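> So here's final_10.txt (compact mmCIF, C-alpha atoms).
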```
# COMPACT_ATOMS: atom_id res chain seq x y z
CA MET A 1 60.48 211.17 -7.42
CA SER A 2 59.43 209.91 -4.12
CA ILE A 3 60.82 206.85 -2.54
CA THR A 4 58.41 204.65 -0.74
CA ARG A 5 59.50 202.12 1.73
CA LYS A 6 57.65 199.04 2.59
CA GLN A 7 56.13 199.44 5.99
CA LYS A 8 56.01 196.52 8.33
CA PRO A 9 52.48 195.49 9.22
CA LYS A 10 51.64 196.34 12.79
CA ALA A 11 51.20 193.43 15.13
CA LYS A 12 47.72 192.89 16.41
CA PRO A 13 47.47 194.13 20.02
CA SER A 14 46.74 191.58 22.69
CA TYR A 15 43.41 191.53 24.49
CA GLU A 16 44.91 193.14 27.60
CA ASP A 17 46.61 195.89 25.57
CA ALA A 18 43.41 196.62 23.65
CA ARG A 19 41.42 196.68 26.90
CA ARG A 20 43.93 199.04 28.51
CA LEU A 21 43.87 201.41 25.52
CA ILE A 22 40.07 201.51 25.35
CA LEU A 23 39.76 202.15 29.09
CA ALA A 24 42.43 204.87 28.93
CA GLN A 25 40.54 206.60 26.08
CA TRP A 26 37.23 206.32 27.90
CA ARG A 27 38.65 207.64 31.21
CA GLY A 28 40.81 210.26 29.61
CA MET A 29 43.93 208.90 31.35
CA ASP A 30 45.81 205.61 31.74
CA LEU A 31 45.30 204.12 35.20
CA SER A 32 46.69 200.64 34.47
CA LYS A 33 49.79 201.10 36.67
CA LEU A 34 47.64 202.26 39.59
CA GLU A 35 45.27 199.31 39.11
CA LYS A 36 48.15 196.86 39.25
CA THR A 37 49.38 198.28 42.56
CA ARG A 38 45.90 198.03 44.11
CA THR A 39 45.38 194.37 43.18
CA PRO A 40 44.93 192.48 46.46
CA ASN A 41 47.08 189.49 47.30
CA THR A 42 44.61 186.65 47.31
CA LYS A 43 44.95 183.13 48.67
CA SER A 44 43.15 180.04 47.58
CA LEU A 45 40.38 178.63 49.74
CA ALA A 46 42.26 175.33 50.06
CA SER A 47 45.20 177.10 51.71
CA LEU A 48 42.94 178.95 54.17
CA MET A 49 40.70 176.07 55.30
CA PRO A 50 43.14 174.28 57.66
CA SER A 51 43.73 177.42 59.71
CA VAL A 52 39.99 178.21 59.78
CA LEU A 53 39.13 174.70 60.94
CA ASN A 54 41.80 174.83 63.64
CA SER A 55 40.55 178.19 64.90
CA VAL A 56 37.01 176.82 65.14
CA GLY A 57 38.29 173.73 66.99
CA LEU A 58 36.75 171.22 64.64
CA ASP A 59 39.56 168.67 65.07
CA ARG A 60 39.22 168.79 68.84
CA ARG A 61 35.44 168.28 68.63
CA ARG A 62 35.91 165.36 66.26
CA VAL A 63 38.27 163.69 68.73
CA GLU A 64 35.88 164.30 71.62
CA LEU A 65 33.02 162.73 69.65
CA GLU A 66 35.20 159.73 68.87
CA VAL A 67 35.96 159.31 72.59
CA LEU A 68 32.23 159.51 73.37
CA LYS A 69 31.43 156.88 70.74
CA VAL A 70 34.07 154.49 72.08
CA TRP A 71 32.96 155.23 75.67
CA ASN A 72 29.37 154.20 74.87
CA HIS A 73 30.34 150.94 73.14
CA LEU A 74 33.35 149.86 75.17
CA LEU A 75 32.31 150.28 78.80
CA ASP A 76 29.79 148.60 81.06
CA PRO A 77 26.26 149.93 80.38
CA ASN A 78 25.86 150.75 84.10
CA ILE A 79 28.85 153.09 83.95
CA VAL A 80 27.66 154.61 80.67
CA ALA A 81 24.22 155.25 82.20
CA HIS A 82 25.70 157.32 85.04
CA ALA A 83 28.93 158.82 83.64
CA GLN A 84 29.74 160.64 80.38
CA PRO A 85 32.96 162.22 79.12
CA THR A 86 32.70 166.00 78.90
CA GLY A 87 36.10 167.07 77.64
CA LEU A 88 39.68 166.21 76.84
CA ASN A 89 42.56 168.52 77.65
CA LYS A 90 46.30 167.72 77.51
CA GLY A 91 45.75 163.99 77.95
CA THR A 92 43.24 164.28 80.79
CA LEU A 93 39.74 163.00 80.07
CA PHE A 94 37.11 164.80 82.15
CA VAL A 95 34.09 162.68 83.06
CA THR A 96 30.89 163.92 84.69
CA VAL A 97 29.04 161.47 86.96
CA ASP A 98 25.37 162.02 87.81
CA ASN A 99 25.62 161.40 91.60
CA SER A 100 28.17 160.97 94.35
CA VAL A 101 27.36 157.27 94.93
CA TRP A 102 28.34 156.38 91.38
CA LEU A 103 31.33 158.70 91.58
CA SER A 104 32.59 156.77 94.59
CA GLU A 105 31.88 153.40 92.89
CA ILE A 106 33.73 154.33 89.70
CA VAL A 107 36.68 156.02 91.40
CA ARG A 108 37.23 153.25 93.95
CA TYR A 109 36.59 150.12 91.92
CA ARG A 110 36.44 150.84 88.20
CA ARG A 111 38.83 153.71 87.49
CA LYS A 112 41.71 151.43 86.43
CA GLU A 113 39.44 149.32 84.19
CA VAL A 114 38.00 152.39 82.43
CA LEU A 115 41.46 153.93 81.93
CA ASP A 116 42.95 150.66 80.61
CA ARG A 117 40.15 150.18 78.07
CA LEU A 118 40.37 153.73 76.79
CA GLN A 119 44.17 153.60 76.60
CA HIS A 120 43.92 150.34 74.70
CA SER A 121 41.61 152.01 72.15
CA PHE A 122 43.35 155.38 71.81
CA GLY A 123 46.90 154.83 73.08
CA ARG A 124 48.61 155.64 76.36
CA GLU A 125 49.86 159.03 75.12
CA PHE A 126 46.41 160.23 74.07
CA ILE A 127 44.62 159.60 77.39
CA THR A 128 47.01 159.68 80.33
CA ARG A 129 44.53 160.13 83.18
CA ILE A 130 40.85 160.51 83.97
CA SER A 131 39.28 163.13 86.20
CA PHE A 132 35.80 162.33 87.55
CA ARG A 133 33.41 164.91 89.04
CA VAL A 134 29.76 165.12 90.02
CA GLY A 135 27.75 167.23 87.66
```
For this file, produce the structure as structure tokens.

Amino acid sequence: MSITRKQKPKAKPSYEDARRLILAQWRGMDLSKLEKTRTPNTKSLASLMPSVLNSVGLDRRRVELEVLKVWNHLLDPNIVAHAQPTGLNKGTLFVTVDNSVWLSEIVRYRRKEVLDRLQHSFGREFITRISFRVG
């Protein structure tokens, strides 16, 4: 007489287990552990974008364009016609003037007015001084 035991039904393998078994049979060996070690550490695009934008200097260009926009609307049209901001570095706004006559006029008589208006718009910490040059 033979004694038969009830066998437990085997659990259905998960998708990943079935995939691993099929690939191991097809390859002739199980490479799943090796594949897990070679998986690259990935980062989301949202976490990378701030550093990419900073490296390109997009924030700095945006600020410079804002200064140019305010410059064109805030100052006397005669000054705007002959002088344009060309850069901003560590609180110093660099302005290029088209000729030495206007450079002298702006530096002697209008420098304080231009600086006060820009500081009123952007704050005293943002623009601390202005450097004019002929260009």
> Neighbouring residues of Glu64 in chain A were defined as those with any atom within 7 Å, considering only C-alpha atoms; residues of the same chain fewer than 3 positions away were excluded. Please report them as a ChimeraX atom specification.
/A:60-61,67-68,87-88
> For CA of Phe132 in chain A and CA of Tyr109 in chain A, determine how far apart the two atoms are, in Å to one decimal place.
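Taking CA of Phe132 in chain A as the start and CA of Tyr109 in chain A as the end point, the length is 13.0 Å.
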> Kindly give the distance, in Å, that separates CA of Glu105 in chain A and CA of Arg124 in chain A, rounded to a single decimal.
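Going from CA of Glu105 in chain A over to CA of Arg124 in chain A, I get 23.6 Å.
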> One number please: CA of Thr96 in chain A to CA of Phe126 in chain A, in Å, one decimal.
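That distance, rounded to one decimal, is 19.2 Å.
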